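Below: entry.csv (CSV, C-alpha atoms and all ligand atoms)
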```
chain,number,residue,atom,x,y,z
A,1,MET,CA,204.8,128.5,126.1
A,2,LYS,CA,202.7,126.1,124.1
A,3,THR,CA,200.6,127.2,121.2
A,4,THR,CA,197.4,125.4,120.1
A,5,LEU,CA,196.0,125.6,116.6
A,6,SER,CA,192.3,124.8,116.3
A,7,VAL,CA,190.3,124.6,113.1
A,8,ILE,CA,186.5,124.2,113.4
A,9,LYS,CA,184.4,124.2,110.3
A,10,ALA,CA,180.8,123.9,109.4
A,11,ASP,CA,178.3,124.4,106.5
A,12,VAL,CA,175.6,126.7,107.9
A,13,GLY,CA,174.1,127.8,104.6
A,14,SER,CA,175.1,128.7,101.1
A,15,ILE,CA,174.0,130.6,97.9
A,16,GLY,CA,172.6,128.8,94.8
A,17,GLY,CA,172.5,125.3,96.4
A,18,HIS,CA,175.5,123.7,98.1
A,19,VAL,CA,177.9,126.1,96.4
A,20,ARG,CA,179.4,128.9,98.5
A,21,PRO,CA,178.4,130.8,101.7
A,22,SER,CA,177.3,134.4,101.3
A,23,ALA,CA,179.6,137.3,102.2
A,24,LYS,CA,177.2,138.4,104.8
A,25,LEU,CA,177.2,135.0,106.5
A,26,LYS,CA,181.0,134.9,106.5
A,27,ASP,CA,181.1,138.4,108.0
A,28,ALA,CA,178.7,137.3,110.7
A,29,VAL,CA,180.9,134.4,111.7
A,30,GLU,CA,184.1,136.5,111.6
A,31,HIS,CA,182.6,139.3,113.6
A,32,TYR,CA,181.3,137.0,116.2
A,33,VAL,CA,184.7,135.4,116.8
A,34,ARG,CA,186.5,138.7,116.7
A,35,ASP,CA,184.1,140.3,119.2
A,36,HIS,CA,183.7,137.4,121.6
A,37,GLY,CA,187.2,135.8,121.3
A,38,ARG,CA,189.1,138.8,122.8
A,39,GLY,CA,191.3,137.5,125.6
A,40,LEU,CA,190.6,133.9,124.6
A,41,VAL,CA,192.2,133.5,121.1
A,42,MET,CA,195.5,135.0,120.0
A,43,ASP,CA,194.8,135.1,116.3
A,44,THR,CA,192.2,134.0,113.7
A,45,TYR,CA,191.9,133.3,110.0
A,46,PHE,CA,188.7,132.6,108.1
A,47,ALA,CA,188.2,130.9,104.8
A,48,SER,CA,185.4,129.2,102.8
A,49,THR,CA,185.9,126.1,100.7
A,50,GLY,CA,182.8,125.1,98.7
A,51,ASP,CA,179.9,125.6,101.1
A,52,ASP,CA,181.9,125.3,104.3
A,53,ILE,CA,183.4,128.0,106.5
A,54,ALA,CA,186.5,127.2,108.5
A,55,ILE,CA,187.7,129.1,111.5
A,56,LEU,CA,191.4,128.8,112.2
A,57,MET,CA,192.4,130.0,115.7
A,58,SER,CA,195.6,130.1,117.7
A,59,HIS,CA,195.4,130.2,121.5
A,60,GLN,CA,197.1,128.8,124.6
A,61,HIS,CA,194.2,126.6,126.0
A,62,GLY,CA,195.1,123.2,124.6
A,63,VAL,CA,193.0,120.9,122.4
A,64,ASP,CA,189.3,120.2,123.2
A,65,ASN,CA,189.0,123.5,125.2
A,66,PRO,CA,185.2,124.0,125.9
A,67,LYS,CA,185.5,127.8,125.6
A,68,ILE,CA,187.2,127.6,122.2
A,69,HIS,CA,184.6,125.1,120.9
A,70,GLU,CA,181.7,127.2,122.3
A,71,LEU,CA,183.1,130.3,120.6
A,72,ALA,CA,183.1,128.5,117.2
A,73,TRP,CA,179.7,127.0,117.9
A,74,ASN,CA,178.1,130.3,118.8
A,75,ALA,CA,179.8,131.9,115.7
A,76,PHE,CA,178.1,129.3,113.5
A,77,MET,CA,174.8,130.0,115.3
A,78,ALA,CA,175.3,133.7,114.5
A,79,GLY,CA,176.0,132.7,110.9
A,80,THR,CA,172.9,130.5,110.8
A,81,ALA,CA,170.7,133.4,111.9
A,82,VAL,CA,172.0,135.4,108.9
A,83,ALA,CA,171.6,132.4,106.6
A,84,LYS,CA,167.9,132.1,107.7
A,85,GLU,CA,167.5,135.9,107.2
A,86,GLN,CA,168.8,135.7,103.7
A,87,GLY,CA,167.0,132.4,102.8
A,88,LEU,CA,170.3,130.6,102.1
A,89,TYR,CA,170.1,127.0,101.2
A,90,GLY,CA,170.8,124.5,104.1
A,91,ALA,CA,170.7,127.2,106.8
A,92,GLY,CA,172.3,125.6,109.9
A,93,GLN,CA,172.6,122.2,108.3
A,94,ASP,CA,175.7,121.1,110.2
A,95,LEU,CA,174.5,122.2,113.6
A,96,LEU,CA,172.8,118.9,114.6
A,97,LYS,CA,172.1,119.7,118.3
A,98,ASP,CA,170.0,122.4,119.9
A,99,ALA,CA,172.3,123.3,122.6
A,100,PHE,CA,176.1,123.3,122.9
A,101,SER,CA,177.5,120.7,125.3
A,102,GLY,CA,181.2,121.2,125.8
A,103,ASN,CA,182.8,120.1,122.5
A,104,VAL,CA,181.7,120.4,118.8
A,105,ARG,CA,182.7,116.8,118.2
A,106,GLY,CA,179.6,114.8,117.8
A,107,MET,CA,177.5,117.9,117.2
A,108,GLY,CA,178.0,118.4,113.5
A,109,PRO,CA,180.9,120.7,112.8
A,110,ALA,CA,184.3,119.2,112.0
A,111,SER,CA,187.4,120.0,114.0
A,112,CYS,CA,191.1,119.3,114.2
A,113,GLU,CA,193.6,120.7,116.7
A,114,MET,CA,197.2,120.4,117.6
A,115,GLU,CA,199.3,121.8,120.5
A,116,PHE,CA,203.1,122.2,120.3
A,117,GLU,CA,206.0,124.2,121.5
A,118,GLU,CA,206.7,126.7,118.7
A,119,ARG,CA,209.9,126.4,116.8
A,120,THR,CA,211.9,129.5,116.0
A,121,SER,CA,210.1,129.5,112.7
A,122,GLU,CA,206.8,127.5,112.7
A,123,PRO,CA,205.5,127.0,109.2
A,124,PHE,CA,202.2,125.1,108.9
A,125,LEU,CA,199.6,124.3,106.3
A,126,PHE,CA,195.8,124.5,106.8
A,127,PHE,CA,193.8,122.3,104.5
A,128,ALA,CA,190.0,122.4,103.9
A,129,ALA,CA,188.1,120.1,101.6
A,130,ASP,CA,184.5,120.1,100.4
A,131,LYS,CA,182.2,117.5,98.8
A,132,THR,CA,184.3,114.7,100.2
A,133,ASP,CA,185.1,113.0,103.5
A,134,PRO,CA,188.1,112.6,105.9
A,135,GLY,CA,189.6,109.6,104.0
A,136,ALA,CA,190.4,112.1,101.2
A,137,TYR,CA,193.6,112.9,103.0
A,138,ASN,CA,194.7,109.3,103.5
A,139,LEU,CA,196.6,109.0,100.2
A,140,PRO,CA,198.2,112.5,100.3
A,141,LEU,CA,199.4,112.0,103.9
A,142,TYR,CA,200.7,108.5,103.2
A,143,LEU,CA,202.6,109.7,100.1
A,144,GLY,CA,203.8,113.0,101.7
A,145,PHE,CA,205.1,111.4,104.9
A,146,ALA,CA,206.1,107.9,103.9
A,147,ASP,CA,206.9,107.6,100.2
A,148,PRO,CA,210.3,108.9,98.9
A,149,MET,CA,208.6,109.3,95.5
A,150,HIS,CA,207.0,112.4,96.9
A,151,CYS,CA,208.9,113.1,100.1
A,152,ALA,CA,212.5,113.3,99.0
A,153,GLY,CA,213.6,114.3,102.5
A,154,LEU,CA,213.1,110.6,103.6
A,155,LEU,CA,216.3,110.0,101.5
A,156,LEU,CA,218.0,113.4,101.8
A,157,SER,CA,217.4,114.7,105.3
A,158,PRO,CA,218.7,112.9,108.4
A,159,ALA,CA,216.1,115.0,110.4
A,160,ILE,CA,213.2,113.0,108.9
A,161,ALA,CA,214.9,109.8,107.9
A,162,LYS,CA,213.5,107.9,110.9
A,163,GLY,CA,210.1,108.2,109.5
A,164,TYR,CA,206.7,108.9,111.0
A,165,SER,CA,204.0,107.1,113.0
A,166,PHE,CA,200.4,107.1,111.8
A,167,THR,CA,197.5,107.0,114.1
A,168,ILE,CA,194.6,105.6,112.1
A,169,MET,CA,190.9,105.6,113.2
A,170,ASP,CA,188.2,103.0,112.4
A,171,VAL,CA,185.5,105.6,111.7
A,172,SER,CA,182.8,102.9,111.3
A,173,TYR,CA,183.1,102.1,115.0
A,174,THR,CA,180.6,104.3,116.8
A,175,GLU,CA,181.0,103.3,120.4
A,176,GLY,CA,184.1,105.3,120.9
A,177,ASP,CA,187.5,106.2,119.2
A,178,ARG,CA,188.9,102.9,117.9
A,179,THR,CA,192.5,103.6,116.8
A,180,ILE,CA,195.7,101.9,115.9
A,181,GLU,CA,199.3,103.3,115.7
A,182,LEU,CA,201.5,102.1,112.9
A,183,LYS,CA,205.1,103.0,112.1
A,184,ALA,CA,206.6,103.9,108.7
A,185,PRO,CA,208.7,102.6,107.1
A,186,GLU,CA,208.6,99.2,108.9
A,187,GLU,CA,204.8,98.8,108.7
A,188,LEU,CA,204.2,100.5,105.4
A,189,TYR,CA,202.2,97.7,103.9
A,190,ASP,CA,200.0,97.5,107.0
A,191,ILE,CA,199.4,101.2,106.8
A,192,ALA,CA,198.5,100.9,103.1
A,193,CYS,CA,196.3,97.9,103.8
A,194,LEU,CA,194.1,100.1,106.1
A,195,LEU,CA,194.3,103.3,104.2
A,196,ARG,CA,193.1,101.8,100.9
A,197,ASP,CA,189.6,101.9,102.5
A,198,ASN,CA,189.0,105.6,102.8
A,199,GLU,CA,185.5,105.2,104.1
A,200,ARG,CA,186.4,103.1,107.1
A,201,PHE,CA,190.1,103.9,108.1
A,202,VAL,CA,191.2,107.5,108.3
A,203,VAL,CA,194.5,109.0,109.3
A,204,GLU,CA,193.7,110.9,112.5
A,205,SER,CA,197.3,112.2,113.2
A,206,VAL,CA,200.9,111.8,112.2
A,207,HIS,CA,203.9,112.1,114.6
A,208,SER,CA,207.6,112.4,114.0
A,209,ARG,CA,209.5,109.4,115.1
A,210,ALA,CA,212.7,111.4,115.6
A,211,THR,CA,211.3,113.9,118.0
A,212,GLY,CA,207.8,112.5,118.9
A,213,GLU,CA,206.3,115.9,117.8
A,214,ILE,CA,202.9,116.2,116.3
A,215,ALA,CA,203.1,116.6,112.5
A,216,ALA,CA,199.6,116.4,111.2
A,217,VAL,CA,196.0,116.2,112.4
A,218,VAL,CA,192.7,115.5,110.4
A,219,SER,CA,189.1,115.9,111.4
A,220,THR,CA,187.7,112.4,111.5
A,221,SER,CA,184.0,112.9,112.3
A,222,ARG,CA,181.4,111.3,110.0
A,223,LEU,CA,178.1,113.1,110.0
A,224,HIS,CA,176.0,110.1,109.1
A,225,ASN,CA,177.4,108.3,112.2
A,226,ILE,CA,176.2,111.2,114.3
A,227,ALA,CA,172.9,112.0,112.7
A,228,GLY,CA,172.1,108.5,111.6
A,229,LYS,CA,171.1,109.9,108.2
A,230,TYR,CA,172.4,112.1,105.5
A,231,THR,CA,173.0,115.6,106.5
A,232,GLY,CA,175.8,116.6,104.2
A,233,LYS,CA,179.2,115.1,103.4
A,234,ASP,CA,181.9,115.1,106.1
A,235,ASP,CA,184.0,117.8,104.4
A,236,PRO,CA,187.3,117.5,106.3
A,237,VAL,CA,189.9,119.9,107.6
A,238,ALA,CA,193.6,119.2,108.4
A,239,LEU,CA,196.6,120.9,109.8
A,240,VAL,CA,200.2,119.9,108.8
A,241,ARG,CA,203.5,121.3,110.1
A,242,ALA,CA,206.2,121.7,107.6
A,243,GLN,CA,210.0,121.9,107.3
A,244,GLY,CA,212.7,120.9,109.9
A,245,SER,CA,211.7,117.5,111.3
A,246,PHE,CA,208.7,117.5,109.0
A,247,PRO,CA,208.4,117.2,105.2
A,248,ALA,CA,209.0,120.4,103.2
A,249,THR,CA,205.9,122.3,102.1
A,250,GLY,CA,206.4,121.1,98.5
A,251,GLU,CA,206.6,117.5,99.7
A,252,ILE,CA,203.4,117.7,101.6
A,253,LEU,CA,201.7,119.3,98.5
A,254,SER,CA,203.2,117.0,95.9
A,255,PRO,CA,200.6,114.1,96.2
A,256,TYR,CA,197.8,116.6,95.4
A,257,ARG,CA,199.0,116.7,91.8
A,258,LEU,CA,197.4,113.3,91.4
A,259,ALA,CA,193.8,114.6,91.9
A,260,HIS,CA,193.0,111.1,93.1
A,261,TYR,CA,189.4,109.8,93.1
A,262,VAL,CA,187.6,110.2,96.4
A,263,ALA,CA,184.0,109.8,97.6
A,264,GLY,CA,181.7,112.7,97.5
A,265,THR,CA,180.6,115.2,94.8
A,266,MET,CA,176.9,115.1,93.9
A,267,ARG,CA,174.7,114.2,96.9
A,268,GLY,CA,177.7,112.8,98.6
A,269,SER,CA,177.1,109.6,96.7
A,270,HIS,CA,179.7,109.4,93.9
A,271,ASN,CA,183.4,109.2,93.2
A,272,GLY,CA,185.2,112.2,91.8
A,273,PRO,CA,188.8,113.6,91.6
A,274,LEU,CA,190.1,115.8,94.4
A,275,MET,CA,190.7,119.1,92.7
A,276,PRO,CA,193.2,121.5,94.4
A,277,VAL,CA,191.6,125.0,94.3
A,278,LYS,CA,192.3,128.5,95.5
A,279,LEU,CA,191.1,129.6,98.9
A,280,ASN,CA,187.5,130.7,99.1
A,281,SER,CA,186.5,128.7,95.9
A,282,GLY,CA,183.0,127.4,95.4
A,283,VAL,CA,182.0,124.2,93.6
A,284,SER,CA,180.1,123.8,90.3
A,285,PHE,CA,180.2,120.8,88.1
A,286,PHE,CA,178.0,118.0,89.4
A,287,ASP,CA,178.1,119.7,92.9
A,288,GLY,CA,181.8,119.2,92.7
A,289,PRO,CA,184.3,118.0,91.8
A,290,PRO,CA,185.5,117.4,95.4
A,291,VAL,CA,187.8,120.3,96.2
A,292,VAL,CA,190.7,121.0,98.6
A,293,SER,CA,192.2,124.3,99.4
A,294,CYS,CA,195.4,125.0,101.3
A,295,GLY,CA,196.7,128.1,103.2
A,296,GLY,CA,200.3,128.3,104.3
A,297,PHE,CA,201.3,130.3,107.4
A,298,CYS,CA,204.0,130.9,110.0
A,299,VAL,CA,202.8,131.2,113.5
A,300,HIS,CA,205.0,133.2,115.9
A,301,HIS,CA,204.1,133.7,119.6
A,302,GLY,CA,200.6,132.8,118.5
A,303,LYS,CA,200.3,135.4,115.8
A,304,PHE,CA,199.8,134.4,112.1
A,305,THR,CA,201.6,135.9,109.2
A,306,GLU,CA,199.4,136.7,106.2
A,307,VAL,CA,198.3,133.6,104.4
A,308,VAL,CA,199.9,132.2,101.2
A,309,ASP,CA,197.4,130.5,98.9
A,310,LEU,CA,199.3,127.4,98.1
A,311,PHE,CA,197.2,126.2,95.2
A,312,ASP,CA,197.1,129.6,93.6
A,313,HIS,CA,200.1,129.0,91.2
A,314,PRO,CA,200.2,128.3,87.5
A,315,PHE,CA,201.3,124.7,88.2
A,316,TRP,CA,198.0,123.9,89.8
A,317,ASP,CA,196.1,125.2,86.8
A,318,TRP,CA,197.5,122.2,84.9
A,319,VAL,CA,196.4,119.9,87.8
A,320,ARG,CA,193.0,121.5,87.8
A,321,ASN,CA,192.7,120.8,84.1
A,322,ASN,CA,193.6,117.2,84.7
A,323,ALA,CA,191.1,116.9,87.5
A,324,ALA,CA,188.4,118.3,85.3
A,325,ARG,CA,189.3,115.7,82.7
A,326,LYS,CA,189.1,113.0,85.3
A,327,ALA,CA,185.8,114.3,86.5
A,328,ALA,CA,184.3,114.3,83.0
A,329,GLU,CA,185.7,110.8,82.4
A,330,ILE,CA,184.1,109.1,85.4
A,331,ARG,CA,180.8,111.0,84.8
A,332,MET,CA,180.6,109.4,81.4
A,333,GLN,CA,179.3,106.3,83.1
A,334,GLY,CA,176.7,108.0,85.3
A,335,PHE,CA,175.4,105.6,87.9
A,336,SER,CA,177.3,102.6,86.8
A,337,GLY,CA,179.9,100.7,88.8
A,338,PRO,CA,182.6,102.8,90.5
A,339,ALA,CA,181.0,106.2,89.4
A,340,MET,CA,178.4,105.9,92.2
A,341,LEU,CA,179.3,104.7,95.7
A,342,PRO,CA,178.3,101.3,97.0
A,343,TYR,CA,175.0,100.9,98.9
A,344,SER,CA,176.8,101.0,102.3
A,345,GLU,CA,178.0,104.5,101.5
A,346,LEU,CA,175.0,106.0,99.8
A,347,GLU,CA,174.1,109.1,101.7
A,348,TYR,CA,170.5,109.5,100.4
A,349,GLY,CA,167.8,107.1,101.6
A,350,GLY,CA,165.8,107.1,98.3
A,351,VAL,CA,167.7,104.4,96.5
A,352,VAL,CA,167.8,102.2,99.7
A,353,GLU,CA,164.0,102.5,100.0
A,354,LYS,CA,163.6,101.7,96.4
A,355,MET,CA,165.8,98.6,96.8
A,356,GLY,CA,163.5,97.5,99.6
A,357,GLN,CA,160.5,97.9,97.4
A,358,LEU,CA,162.1,96.1,94.5
A,359,ASP,CA,163.3,93.4,96.8
A,360,LYS,CA,159.7,92.3,97.4
A,361,ARG,CA,159.1,92.0,93.7
A,362,PHE,CA,161.9,89.5,93.1
A,363,THR,CA,160.8,86.0,92.6
A,364,VAL,CA,162.9,82.8,92.7
A,365,ARG,CA,162.3,80.7,89.6
A,366,LYS,CA,161.5,77.1,90.4
A,367,GLN,CA,164.2,74.8,89.1
A,368,PRO,CA,162.8,71.6,87.4
A,369,ALA,CA,163.4,68.7,89.7
A,370,ALA,CA,166.0,66.1,88.5
A,371,GLY,CA,164.5,63.3,86.4
A,372,ASN,CA,161.1,65.1,85.8
A,373,GLY,CA,160.7,64.0,82.3
A,374,ARG,CA,163.5,66.0,80.6
A,375,LYS,CA,165.8,63.6,78.9
A,376,LYS,CA,169.4,64.4,78.8
A,377,LYS,CA,170.6,64.4,75.2
A,378,ALA,CA,173.1,61.9,74.3
A,379,ALA,CA,176.5,63.3,73.8
A,401,MG,MG,180.3,121.1,102.5
```

File written out as structure tokens:
Amino acid sequence: MKTTLSVIKADVGSIGGHVRPSAKLKDAVEHYVRDHGRGLVMDTYFASTGDDIAILMSHQHGVDNPKIHELAWNAFMAGTAVAKEQGLYGAGQDLLKDAFSGNVRGMGPASCEMEFEERTSEPFLFFAADKTDPGAYNLPLYLGFADPMHCAGLLLSPAIAKGYSFTIMDVSYTEGDRTIELKAPEELYDIACLLRDNERFVVESVHSRATGEIAAVVSTSRLHNIAGKYTGKDDPVALVRAQGSFPATGEILSPYRLAHYVAGTMRGSHNGPLMPVKLNSGVSFFDGPPVVSCGGFCVHHGKFTEVVDLFDHPFWDWVRNNAARKAAEIRMQGFSGPAMLPYSELEYGGVVEKMGQLDKRFTVRKQPAAGNGRKKKAA
């Protein structure tokens, strides 16, 4: 019996700006899935991260199942109705199409899914990030699966010493899914060469080279590629299997101590540190900093254990303090240089329009022609 894990998430409205969905909105989404998912899904878990709600489902229908996607879509529609009723900010903002058409991909919500034969014990981690985009997972996945500085098992465990293959997507290509598969450790430098560009190349999945099994999946959709304009950041979700032929839970989490700088935060147009936070946290400072939450589970015959909130531990308080310091540091320089994203990535049209207007006001100064009367001074 194969089990499928599906995470589908969306921002359909929040309190006090882009901060956190209301309890009533979350209830509406949960109730819809519970009431209409009977006989379809085996178990569910719901969490919010910043202004997004993620629905985690286990079932036996494989990835890209239209009924599963429709269930999530309709649940977000039910949530949107409550958001409108309550006057929440950005009601329905991630639902970019009027009618559901088979799969949420390309319609606004983000999704990631994996299907596998359950092991005797099947631990996995569910990540949800807000105020950033899918490339935020590039560095943690690279370090957690391919660098023995974080993944000690690459040295110590024969079960994972063969390494992993990375499927990387070129998310700037909009005609279809343009991907490449690269193997660690032989092609580490090629992987790094692509993953340095978080806005263009994104880890879509990771597989074990020892067993061929799926190890990790990331949502890779970019909203501005779908809508053609800013409609919110691409706030990504990810699923990662742990232990056995995969890195240990602590090895997967280790890179998050870096709180590395990622694109996002205020108006989706700045760089900020990725702060690991507890499940159901909101955002605050400068509509950020970018946040990531992580729930740990075991799934057994499709049923989830209770969740372990993996960033709810004193160690991560220290990391959060460091992330806050890093956020304050980069904010010191406001709009200048790396604090704000380059024009190609700016999510708001205002500055681009302004540049168009200013462009017309530039003049090219006439250079004096050679030999027009100015005499060169004698050396
Ligand atoms: Mg969001």

Answer as a PyMOL selection string, residues within 10 Å of (187.1, 117.8, 97.1) using all atoms listed in the file: chain A and resi 49-50+128-133+136+235-236+259-265+272-277+283+288-293

Leaving out Arg34 of chain A and any residue of its chain fewer than 4 positions from it, which residues lie within 12 Å of it when counting only C-alpha atoms, given as JSON, numbers by chain? {"A": [27, 28, 29, 30, 38, 39, 40, 41, 42, 43, 44, 45, 46, 55, 56, 57, 71, 72, 75]}

Can you tell me, as a short mmCIF file (atom, residue, chain, number, x, y, z; two decimals) with C-alpha atoms, keeping the file's coordinate frame, what residues are no more than 12 Å from Leu258 of chain A when counting all atoms listed in the file, ignoring any on the same chain fewer than 4 positions away?
```
data_model
loop_
_atom_site.label_atom_id
_atom_site.label_comp_id
_atom_site.auth_asym_id
_atom_site.auth_seq_id
_atom_site.Cartn_x
_atom_site.Cartn_y
_atom_site.Cartn_z
CA LEU A 139 196.60 109.00 100.20
CA PRO A 140 198.20 112.50 100.30
CA LEU A 143 202.60 109.70 100.10
CA HIS A 150 207.00 112.40 96.90
CA LEU A 253 201.70 119.30 98.50
CA SER A 254 203.20 117.00 95.90
CA VAL A 262 187.60 110.20 96.40
CA PRO A 273 188.80 113.60 91.60
CA LEU A 274 190.10 115.80 94.40
CA MET A 275 190.70 119.10 92.70
CA PRO A 276 193.20 121.50 94.40
CA TRP A 316 198.00 123.90 89.80
CA TRP A 318 197.50 122.20 84.90
CA VAL A 319 196.40 119.90 87.80
CA ARG A 320 193.00 121.50 87.80
CA ASN A 321 192.70 120.80 84.10
CA ASN A 322 193.60 117.20 84.70
CA ALA A 323 191.10 116.90 87.50
CA ALA A 324 188.40 118.30 85.30
CA LYS A 326 189.10 113.00 85.30
#
```

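Residue neighbourhood of Phe297 of chain A, excluding near-sequence residues (fewer than 6 positions): Leu5, Thr44, Tyr45, Leu56, Ser58, Ser121, Glu122, Pro123, Phe124, Leu125, Phe126, Phe127, Leu239, Val240, Arg241, Ala242, Thr249, Lys303, Phe304, Thr305, Glu306, Val307, Val308, Asp309 and Leu310 of chain A, at 12 Å, using only C-alpha atoms.
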
Selected residues written out, C-alpha atoms, as an mmCIF file, in the coordinates of the input:
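This went into selection-v4.cif:
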```cif
data_model
loop_
_atom_site.group_PDB
_atom_site.id
_atom_site.type_symbol
_atom_site.label_atom_id
_atom_site.label_comp_id
_atom_site.auth_asym_id
_atom_site.auth_seq_id
_atom_site.Cartn_x
_atom_site.Cartn_y
_atom_site.Cartn_z
ATOM 1 C CA LEU A 5 196.000 125.600 116.600
ATOM 2 C CA THR A 44 192.200 134.000 113.700
ATOM 3 C CA TYR A 45 191.900 133.300 110.000
ATOM 4 C CA LEU A 56 191.400 128.800 112.200
ATOM 5 C CA SER A 58 195.600 130.100 117.700
ATOM 6 C CA SER A 121 210.100 129.500 112.700
ATOM 7 C CA GLU A 122 206.800 127.500 112.700
ATOM 8 C CA PRO A 123 205.500 127.000 109.200
ATOM 9 C CA PHE A 124 202.200 125.100 108.900
ATOM 10 C CA LEU A 125 199.600 124.300 106.300
ATOM 11 C CA PHE A 126 195.800 124.500 106.800
ATOM 12 C CA PHE A 127 193.800 122.300 104.500
ATOM 13 C CA LEU A 239 196.600 120.900 109.800
ATOM 14 C CA VAL A 240 200.200 119.900 108.800
ATOM 15 C CA ARG A 241 203.500 121.300 110.100
ATOM 16 C CA ALA A 242 206.200 121.700 107.600
ATOM 17 C CA THR A 249 205.900 122.300 102.100
ATOM 18 C CA LYS A 303 200.300 135.400 115.800
ATOM 19 C CA PHE A 304 199.800 134.400 112.100
ATOM 20 C CA THR A 305 201.600 135.900 109.200
ATOM 21 C CA GLU A 306 199.400 136.700 106.200
ATOM 22 C CA VAL A 307 198.300 133.600 104.400
ATOM 23 C CA VAL A 308 199.900 132.200 101.200
ATOM 24 C CA ASP A 309 197.400 130.500 98.900
ATOM 25 C CA LEU A 310 199.300 127.400 98.100
#
```

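Of the residues under consideration (A:Asn198, A:Ser219, A:Ser6, A:Ser48), A:Ser48 shows the shortest atom-to-atom contact distance to ligand MG 401 (chain A) when counting only C-alpha atoms and all ligand atoms.
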
Check the smallest atom-to-atom distance from each of A:Ser157, A:Thr3, A:Thr174, A:Ser111 to Val217 of chain A using all atoms listed in the file, then report the winner.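 Ranked by minimum distance to Val217 of chain A, first place goes to A:Ser111.
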
With distances taken over all atoms listed in the file, the candidate from A:His61, A:His300, A:Arg267, A:Lys84 nearest ligand MG 401 (chain A) is A:Arg267

Two-atom distance - atom CA of Asp51 of chain A, atom CA of Gly92 of chain A (Å):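 Computed distance, atom CA of Asp51 of chain A to atom CA of Gly92 of chain A, equals 11.6 Å.
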
What separates atom CA of Glu186 of chain A and atom CA of Arg209 of chain A is a distance of 12.0 Å

Can you measure atom CA of Pro255 of chain A to atom CA of Ala215 of chain A for me? One decimal in Å is fine.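 Atom-to-atom, atom CA of Pro255 of chain A and atom CA of Ala215 of chain A are spaced 16.7 Å apart.
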
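For Asp94 of chain A, the residues within 7 Å (counting all atoms listed in the file, excluding itself and residues fewer than 2 positions away along the chain) are A:Ala10, A:Asp11, A:Val12, A:Gly92, A:Leu96, A:Gly108, A:Pro109.
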
Write out the residues from the selection above, keeping C-alpha atoms, as a PDB file, keeping the file's coordinate frame.
```
ATOM      1  CA  ALA A  10     180.800 123.900 109.400  1.00  0.00           C
ATOM      2  CA  ASP A  11     178.300 124.400 106.500  1.00  0.00           C
ATOM      3  CA  VAL A  12     175.600 126.700 107.900  1.00  0.00           C
ATOM      4  CA  GLY A  92     172.300 125.600 109.900  1.00  0.00           C
ATOM      5  CA  LEU A  96     172.800 118.900 114.600  1.00  0.00           C
ATOM      6  CA  GLY A 108     178.000 118.400 113.500  1.00  0.00           C
ATOM      7  CA  PRO A 109     180.900 120.700 112.800  1.00  0.00           C
TER       8      PRO A 109
END
```

Residues at most 10 Å from Thr211 of chain A, counting all atoms listed in the file, excluding those fewer than 6 positions away in the same chain, as a PyMOL selection string? chain A and resi 159-160+162+164+245

Between A:Gly282, A:Gly153, A:Gly144, A:Gly37, which has the minimum distance to ligand MG 401 (chain A) (counting all atoms listed in the file)?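 Using all atoms listed in the file, ligand MG 401 (chain A) sits closest to A:Gly282.
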
Pick the closest to ligand MG 401 (chain A) from A:Tyr89, A:Phe362, A:Trp73, A:Phe201: which is it, counting only C-alpha atoms and all ligand atoms?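 Ranked by minimum distance to ligand MG 401 (chain A), first place goes to A:Tyr89.
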
With only C-alpha atoms as the atoms that count, which of A:Ile180, A:Leu341, A:Ala238, A:Ala248 lies nearest to Lys9 of chain A?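 Using only C-alpha atoms, Lys9 of chain A sits closest to A:Ala238.
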